[in-house]
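S.K.: So here's my_file_25.cif (mmCIF, C-alpha atoms and all ligand atoms).
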```
data_protein
#
loop_
_atom_site.label_atom_id
_atom_site.label_comp_id
_atom_site.auth_asym_id
_atom_site.auth_seq_id
_atom_site.Cartn_x
_atom_site.Cartn_y
_atom_site.Cartn_z
CA MET M 1 0.00 0.00 0.00
CA ARG M 2 1.24 3.44 -0.90
CA LEU M 3 1.58 5.75 2.09
CA THR M 4 -0.46 8.87 1.51
CA ASP M 5 0.39 12.30 2.90
CA LYS M 6 -2.65 11.89 5.10
CA SER M 7 -1.52 8.64 6.69
CA ILE M 8 1.94 10.10 7.34
CA GLY M 9 0.50 13.31 8.75
CA THR M 10 -1.90 11.66 11.16
CA HIS M 11 0.75 9.42 12.79
CA GLU M 12 -1.66 6.48 12.69
CA HIS M 13 0.45 4.27 14.92
CA LEU M 14 1.30 6.86 17.55
CA PRO M 15 -0.78 7.44 20.64
CA ALA M 16 -2.38 10.89 20.59
CA MET M 17 -0.86 11.44 24.01
CA ALA M 18 1.65 9.47 26.02
CA ALA M 19 2.78 10.39 29.53
CA GLU M 20 5.47 8.33 31.19
CA SER M 21 6.25 8.23 34.88
CA LEU M 22 5.16 11.75 35.78
CA HIS M 23 6.30 13.10 39.15
CA ARG M 24 5.34 16.46 40.66
CA PHE M 25 6.28 17.63 44.17
CA PHE M 26 5.22 20.81 45.92
CA HIS M 27 7.18 22.25 48.84
CA SER M 28 6.05 24.63 51.50
CA GLY M 29 8.52 25.08 54.36
CA ASP M 30 9.44 21.57 55.59
CA GLU M 31 6.30 20.08 54.07
CA GLU M 32 6.48 18.15 50.83
CA THR M 33 3.35 17.14 48.91
CA GLN M 34 3.86 14.40 46.35
CA ALA M 35 1.03 15.36 44.02
CA LEU M 36 2.04 12.90 41.27
CA ARG M 37 4.09 9.77 41.98
CA GLY M 38 4.98 8.12 38.70
CA VAL M 39 1.78 8.45 36.66
CA SER M 40 1.81 6.91 33.17
CA ILE M 41 -1.12 7.37 30.79
CA SER M 42 -1.57 6.78 27.08
CA LEU M 43 -4.51 7.95 24.95
CA ALA M 44 -5.35 6.61 21.50
CA PRO M 45 -6.75 8.98 18.89
CA GLY M 46 -10.51 9.21 19.37
CA GLU M 47 -10.45 7.78 22.89
CA PHE M 48 -12.49 9.43 25.66
CA VAL M 49 -10.89 8.80 29.05
CA ALA M 50 -12.22 10.04 32.40
CA VAL M 51 -9.86 10.68 35.32
CA VAL M 52 -11.57 10.28 38.66
CA GLY M 53 -10.33 10.24 42.24
CA PRO M 54 -10.88 11.89 45.59
CA SER M 55 -10.22 15.58 46.09
CA GLY M 56 -6.46 16.15 46.35
CA SER M 57 -5.58 12.92 44.49
CA GLY M 58 -3.70 14.86 41.79
CA LYS M 59 -6.19 15.20 38.91
CA SER M 60 -5.70 18.94 38.26
CA THR M 61 -1.92 18.63 38.70
CA LEU M 62 -1.90 15.80 36.16
CA LEU M 63 -3.92 17.79 33.61
CA SER M 64 -1.67 20.85 34.05
CA CYS M 65 1.43 18.73 33.42
CA LEU M 66 -0.15 17.00 30.41
CA ALA M 67 -1.16 20.38 28.96
CA GLY M 68 2.32 21.85 29.43
CA LEU M 69 0.85 24.51 31.75
CA ASP M 70 3.06 23.08 34.49
CA GLU M 71 6.42 21.31 34.17
CA PRO M 72 6.62 17.95 36.01
CA ASP M 73 9.65 17.29 38.22
CA GLY M 74 10.17 14.00 36.40
CA GLY M 75 8.75 12.09 33.47
CA THR M 76 7.86 12.86 29.89
CA VAL M 77 4.74 14.00 28.04
CA ARG M 78 4.41 13.52 24.30
CA ILE M 79 1.50 14.76 22.20
CA ASP M 80 1.19 13.26 18.73
CA GLY M 81 4.84 12.18 19.06
CA THR M 82 6.13 15.66 20.00
CA ARG M 83 7.74 16.02 23.44
CA LEU M 84 6.18 18.80 25.49
CA THR M 85 8.27 18.44 28.67
CA ARG M 86 11.76 19.86 29.38
CA ARG M 87 11.39 22.79 27.04
CA PRO M 88 11.56 26.52 27.74
CA GLU M 89 8.18 27.93 28.73
CA ALA M 90 7.70 29.94 25.53
CA GLU M 91 8.35 26.86 23.41
CA ARG M 92 5.91 24.80 25.50
CA ALA M 93 3.27 27.53 25.08
CA ARG M 94 3.74 27.51 21.31
CA LEU M 95 3.40 23.72 21.12
CA ARG M 96 0.43 23.76 23.49
CA ALA M 97 -1.42 26.29 21.34
CA ARG M 98 -1.18 23.92 18.39
CA LEU M 99 -1.38 20.48 19.98
CA VAL M 100 -3.57 20.67 23.08
CA GLY M 101 -7.01 22.11 23.68
CA VAL M 102 -7.46 23.03 27.33
CA LEU M 103 -10.71 23.66 29.13
CA THR M 104 -10.19 24.57 32.79
CA GLN M 105 -12.56 25.00 35.72
CA SER M 106 -12.03 28.75 35.69
CA GLY M 107 -12.85 28.94 31.98
CA ASN M 108 -10.63 29.96 29.08
CA LEU M 109 -12.57 32.98 27.78
CA LEU M 110 -11.31 36.55 27.98
CA SER M 111 -14.19 38.65 29.28
CA HIS M 112 -13.58 41.77 27.17
CA LEU M 113 -13.72 39.82 23.90
CA SER M 114 -16.76 38.29 22.19
CA VAL M 115 -16.96 34.52 21.70
CA ALA M 116 -15.87 34.85 18.05
CA GLN M 117 -12.97 37.15 19.03
CA ASN M 118 -11.85 34.63 21.68
CA ILE M 119 -11.70 31.96 18.97
CA ALA M 120 -9.81 34.29 16.61
CA LEU M 121 -7.30 35.04 19.37
CA ALA M 122 -6.70 31.33 20.07
CA ARG M 123 -6.04 30.86 16.35
CA SER M 124 -3.70 33.78 16.01
CA LEU M 125 -1.69 32.58 19.04
CA ALA M 126 -1.21 29.22 17.32
CA GLY M 127 -0.64 30.80 13.91
CA THR M 128 -3.31 28.60 12.37
CA VAL M 129 -5.89 29.41 9.76
CA SER M 130 -8.77 26.99 9.59
CA ARG M 131 -12.51 27.06 9.28
CA GLY M 132 -14.29 30.30 10.07
CA ALA M 133 -15.35 30.89 13.67
CA ASP M 134 -18.98 30.73 12.52
CA ASP M 135 -18.69 27.14 11.21
CA HIS M 136 -17.03 26.16 14.41
CA LEU M 137 -19.71 27.74 16.58
CA ASP M 138 -22.43 26.24 14.43
CA ALA M 139 -21.15 22.75 15.19
CA LEU M 140 -21.51 23.55 18.90
CA GLY M 141 -24.95 25.13 18.50
CA LEU M 142 -23.57 28.56 19.40
CA ALA M 143 -23.63 30.50 16.11
CA HIS M 144 -26.29 32.87 17.44
CA ARG M 145 -23.98 33.81 20.37
CA ALA M 146 -20.86 34.54 18.26
CA HIS M 147 -20.86 38.24 19.15
CA ALA M 148 -21.88 37.83 22.79
CA ARG M 149 -19.57 38.68 25.68
CA PRO M 150 -18.75 35.71 27.96
CA ASP M 151 -20.52 37.23 31.00
CA THR M 152 -23.86 37.20 29.12
CA LEU M 153 -23.75 33.43 28.40
CA SER M 154 -25.63 30.74 30.31
CA GLY M 155 -23.67 27.98 32.09
CA GLY M 156 -24.07 25.52 29.23
CA GLU M 157 -23.22 28.19 26.62
CA THR M 158 -20.10 29.14 28.62
CA VAL M 159 -18.82 25.56 28.56
CA ARG M 160 -19.61 25.25 24.82
CA ALA M 161 -17.87 28.58 24.10
CA GLY M 162 -14.88 27.37 26.16
CA LEU M 163 -14.87 24.21 24.07
CA ALA M 164 -15.00 26.26 20.86
CA VAL M 165 -11.87 28.09 22.00
CA ALA M 166 -10.15 24.89 23.19
CA LEU M 167 -10.90 23.24 19.82
CA ALA M 168 -10.19 26.36 17.71
CA ASN M 169 -6.98 24.87 16.30
CA GLU M 170 -8.36 21.34 15.85
CA PRO M 171 -5.87 19.89 18.36
CA PRO M 172 -5.32 16.10 18.49
CA VAL M 173 -5.88 16.17 22.27
CA LEU M 174 -8.45 17.94 24.45
CA LEU M 175 -7.94 18.13 28.22
CA ALA M 176 -10.81 19.29 30.40
CA ASP M 177 -10.85 19.83 34.16
CA GLU M 178 -14.34 19.35 35.65
CA PRO M 179 -16.06 20.86 32.58
CA THR M 180 -19.59 20.00 33.75
CA GLY M 181 -19.14 20.77 37.46
CA GLU M 182 -21.47 23.78 37.40
CA LEU M 183 -24.14 22.37 35.07
CA ASP M 184 -27.53 20.77 35.71
CA SER M 185 -27.86 17.18 34.53
CA SER M 186 -29.62 17.89 31.22
CA THR M 187 -27.07 20.56 30.21
CA GLU M 188 -24.30 18.18 31.32
CA ALA M 189 -25.79 15.50 29.03
CA GLN M 190 -25.68 17.96 26.08
CA VAL M 191 -22.02 18.80 26.76
CA LEU M 192 -21.15 15.08 27.09
CA ASP M 193 -22.88 14.47 23.77
CA ILE M 194 -20.67 17.13 22.13
CA LEU M 195 -17.55 15.63 23.75
CA THR M 196 -18.46 12.11 22.64
CA ARG M 197 -19.04 13.30 19.06
CA ARG M 198 -15.66 15.06 19.15
CA ALA M 199 -14.00 11.80 20.18
CA HIS M 200 -15.76 9.95 17.35
CA ASN M 201 -14.20 12.51 14.99
CA GLY M 202 -10.74 11.48 16.21
CA THR M 203 -9.91 13.88 19.05
CA ALA M 204 -8.46 12.18 22.14
CA LEU M 205 -10.21 13.45 25.28
CA LEU M 206 -9.04 13.35 28.88
CA VAL M 207 -11.62 14.71 31.31
CA ALA M 208 -11.02 15.02 35.06
CA SER M 209 -14.30 14.96 36.92
CA HIS M 210 -16.21 13.96 40.03
CA SER M 211 -19.32 13.38 37.92
CA ALA M 212 -20.69 9.85 37.54
CA ALA M 213 -22.23 10.91 34.19
CA VAL M 214 -18.77 11.81 32.80
CA ALA M 215 -17.34 8.46 33.93
CA ALA M 216 -20.34 6.66 32.36
CA ALA M 217 -19.86 8.47 29.02
CA ALA M 218 -16.11 7.69 28.83
CA ASP M 219 -14.57 4.70 27.03
CA ARG M 220 -12.20 4.14 29.96
CA VAL M 221 -11.90 5.42 33.52
CA ILE M 222 -8.58 6.01 35.28
CA THR M 223 -8.65 6.38 39.07
CA LEU M 224 -6.02 8.45 40.84
CA ARG M 225 -5.30 7.98 44.54
CA ASN M 226 -2.57 9.83 46.36
CA GLY M 227 -0.90 10.81 43.11
CA GLU M 228 -0.83 7.28 41.69
CA VAL M 229 -2.99 5.40 39.18
CA SER M 230 -4.89 2.87 41.24
CA SER M 231 -5.93 -0.38 39.60
N1 LIG U 1 0.63 24.91 43.59
C1 LIG U 1 0.56 24.03 44.60
N2 LIG U 1 1.31 24.22 45.73
C2 LIG U 1 1.26 23.32 46.75
N3 LIG U 1 0.51 22.22 46.74
C3 LIG U 1 -0.26 21.98 45.66
C4 LIG U 1 -0.27 22.88 44.54
N4 LIG U 1 -1.12 22.38 43.60
C5 LIG U 1 -1.62 21.24 44.13
N5 LIG U 1 -1.10 20.99 45.35
C6 LIG U 1 -1.37 19.82 46.21
O1 LIG U 1 -1.22 18.66 45.40
C7 LIG U 1 -2.21 17.68 45.74
C8 LIG U 1 -3.01 17.36 44.48
O2 LIG U 1 -3.83 18.50 44.15
P1 LIG U 1 -4.79 18.55 42.87
O3 LIG U 1 -5.37 19.91 42.82
O4 LIG U 1 -4.02 18.06 41.70
O5 LIG U 1 -5.90 17.47 43.27
P2 LIG U 1 -7.32 17.19 42.59
O6 LIG U 1 -7.46 15.70 42.54
O7 LIG U 1 -7.41 17.94 41.31
O8 LIG U 1 -8.34 17.81 43.64
P3 LIG U 1 -9.84 18.40 43.38
O9 LIG U 1 -10.67 17.22 42.97
O10 LIG U 1 -10.22 18.90 44.74
O11 LIG U 1 -9.74 19.48 42.35
C9 LIG U 1 -3.06 18.29 46.86
O12 LIG U 1 -2.53 17.82 48.09
C10 LIG U 1 -2.81 19.79 46.70
O13 LIG U 1 -2.96 20.43 47.94
#
```
Is it possible to express this structure as structure tokens?
M.R.:
Amino acid sequence: MRLTDKSIGTHEHLPAMAAESLHRFFHSGDEETQALRGVSISLAPGEFVAVVGPSGSGKSTLLSCLAGLDEPDGGTVRIDGTRLTRRPEAERARLRARLVGVLTQSGNLLSHLSVAQNIALARSLAGTVSRGADDHLDALGLAHRAHARPDTLSGGETVRAGLAVALANEPPVLLADEPTGELDSSTEAQVLDILTRRAHNGTALLVASHSAAVAAAADRVITLRNGEVSS
């Protein structure tokens, strides 16, 4: 079989994300918190994985390290075959903008920009030109809110707008920290439907959550306890 540009470009045999033996320690005075103690995770393209675990088990720390927002004290993160760890911060930020969509608890929308302008900003930071913001918002049922400011959106619209920004550059991996924490169950079901469809289109999803509905929607559930993957 002849290899096409497409099959080379999509790295068919590579995991979308591979993290090996991640360690992260925090120090405060004499106290040391071992937030991550050798966590390894691999995500296939199109896989939807939920990360669950008690409060303080390391979920947010793990997502920050996987996103390149934080640098682990040990271990390696690769997205689509590209190493994200042990790089200068500016280089990590550049790779993150292209390779990882991030949806955090605090939201990823700048309040003085409209939804469409937030998407345009995410694209210009990554230097990508892709579909128009309107197409993108249409797919999330948000076209009619393109020119709205974030503080005028409902809870469900805020999460969908955050997703539109996180997915603005069509990243191979989307990481979300408790994306449905503030939503009622029917709005949560709508967001999970969008996430599941995204995964079917090939995006690898890792979602940290306390929600049973998120765990039920995922293909696989990883439990963290005390900074370790518990089997
Ligand atoms: N910047 C930091 N400085 C010091 N300790 C930290 C820092 N960030 C996290 N920790 C500690 O690391 C451990 C893991 O925290 P983390 O926020 O990753 O847990 P979590 O599972 O996401 O919790 P939650 O479900 O409550 O959000 C906790 O003991 C926390 O107090």
S.K.: Between M:Leu99, M:Ala212, M:Leu125, M:Leu167, which one has atoms that come closest to Ser185 (chain M), using all atoms listed in the file?
M.R.: M:Ala212
S.K.: With 4 Å of padding per side, what axis-aligned box (centre and edge lengths, Å, one decimal) covers all the listed atoms of ligand LIG 1 (chain U)? Give it as lines of an AutoDock Vina configuration file.
M.R.:
```
center_x = -4.7
center_y = 20.3
center_z = 44.7
size_x = 20.0
size_y = 17.2
size_z = 14.8
```
S.K.: Kindly provide, as a PyMOL selection string, all nucleotide and amino acid residues lying within 8 Å of ligand LIG 1 (chain U), counting only C-alpha atoms and all ligand atoms.
M.R.: chain M and resi 25-28+33-36+52-62+208-210+224+226-227
S.K.: When you count only C-alpha atoms, which of these residues is closest to Leu103 (chain M): M:Arg145, M:Arg24, M:Arg160, M:Arg87?
M.R.: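 Using only C-alpha atoms, the shortest distance to Leu103 (chain M) belongs to M:Arg160.
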S.K.: M:Leu192, M:Ala199, M:Ala16, M:Val115: which is nearest Asp151 (chain M), counting all atoms listed in the file?
M.R.: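 Among M:Leu192, M:Ala199, M:Ala16, M:Val115, it is M:Val115 that comes nearest to Asp151 (chain M).
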S.K.: Out of M:Leu109, M:Ala176, M:Val102, M:Leu14, which residue has the shortest atom-to-atom distance to Ala44 (chain M) when counting all atoms listed in the file?
M.R.: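 Checking each of M:Leu109, M:Ala176, M:Val102, M:Leu14 against Ala44 (chain M), counting all atoms listed in the file, the winner is M:Leu14.
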S.K.: When you draw a straight line from CA of Leu175 (chain M) to CA of Leu137 (chain M), how long is it in Å?
M.R.: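 CA of Leu137 (chain M) lies 19.1 Å from CA of Leu175 (chain M).
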S.K.: Can you tell me, as a VMD selection string, what residues are no more than 8 Å from Val39 (chain M) when counting all atoms listed in the file, ignoring any on the same chain fewer than 4 positions away?
M.R.: chain M and resid 19 to 23 227 to 229
S.K.: Next, the residues of the selection above should be written as a short mmCIF file (atom, residue, chain, number, x, y, z; two decimals), in the coordinates of the input with C-alpha atoms.
M.R.:
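Result written to again.cif:
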```cif
data_model
loop_
_atom_site.label_atom_id
_atom_site.label_comp_id
_atom_site.auth_asym_id
_atom_site.auth_seq_id
_atom_site.Cartn_x
_atom_site.Cartn_y
_atom_site.Cartn_z
CA ALA M 19 2.78 10.39 29.53
CA GLU M 20 5.47 8.33 31.19
CA SER M 21 6.25 8.23 34.88
CA LEU M 22 5.16 11.75 35.78
CA HIS M 23 6.30 13.10 39.15
CA GLY M 227 -0.90 10.81 43.11
CA GLU M 228 -0.83 7.28 41.69
CA VAL M 229 -2.99 5.40 39.18
#
```
S.K.: Go ahead and compute the interatomic distance for CA of Gly155 (chain M) and CA of Phe48 (chain M), in Å to one decimal.
M.R.: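 Atom-to-atom, CA of Gly155 (chain M) to CA of Phe48 (chain M), that is 22.6 Å.
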S.K.: Grab the CA of Thr223 (chain M) to CA of Gly181 (chain M) distance for me, in Å with one decimal place.
M.R.: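 Distance between the two atoms: 17.9 Å.
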S.K.: Using all atoms listed in the file, determine which residues lie at most 12 Å from region 202-205 of chain M, disregarding the query and same-chain residues fewer than 2 positions distant; provide the list as an MDAnalysis selection string.
M.R.: chainID M and resid 10 12 15:18 42:51 63 66:67 79:80 99:103 163 166:167 169:177 179 192 194:200 207:208 214 217:221
S.K.: So which residues touch Pro150 (chain M) within 12 Å, counting all atoms listed in the file, skipping near sequence neighbours fewer than 4 positions away, as a ChimeraX atom specification?
M.R.: /M:107-118,145-146,154-162,165
S.K.: Keeping only C-alpha atoms, write the selected residues as an mmCIF file, in the frame of the given file.
M.R.:
```
data_model
loop_
_atom_site.group_PDB
_atom_site.id
_atom_site.type_symbol
_atom_site.label_atom_id
_atom_site.label_comp_id
_atom_site.auth_asym_id
_atom_site.auth_seq_id
_atom_site.Cartn_x
_atom_site.Cartn_y
_atom_site.Cartn_z
ATOM 1 C CA GLY M 107 -12.850 28.940 31.980
ATOM 2 C CA ASN M 108 -10.630 29.960 29.080
ATOM 3 C CA LEU M 109 -12.570 32.980 27.780
ATOM 4 C CA LEU M 110 -11.310 36.550 27.980
ATOM 5 C CA SER M 111 -14.190 38.650 29.280
ATOM 6 C CA HIS M 112 -13.580 41.770 27.170
ATOM 7 C CA LEU M 113 -13.720 39.820 23.900
ATOM 8 C CA SER M 114 -16.760 38.290 22.190
ATOM 9 C CA VAL M 115 -16.960 34.520 21.700
ATOM 10 C CA ALA M 116 -15.870 34.850 18.050
ATOM 11 C CA GLN M 117 -12.970 37.150 19.030
ATOM 12 C CA ASN M 118 -11.850 34.630 21.680
ATOM 13 C CA ARG M 145 -23.980 33.810 20.370
ATOM 14 C CA ALA M 146 -20.860 34.540 18.260
ATOM 15 C CA SER M 154 -25.630 30.740 30.310
ATOM 16 C CA GLY M 155 -23.670 27.980 32.090
ATOM 17 C CA GLY M 156 -24.070 25.520 29.230
ATOM 18 C CA GLU M 157 -23.220 28.190 26.620
ATOM 19 C CA THR M 158 -20.100 29.140 28.620
ATOM 20 C CA VAL M 159 -18.820 25.560 28.560
ATOM 21 C CA ARG M 160 -19.610 25.250 24.820
ATOM 22 C CA ALA M 161 -17.870 28.580 24.100
ATOM 23 C CA GLY M 162 -14.880 27.370 26.160
ATOM 24 C CA VAL M 165 -11.870 28.090 22.000
#
```
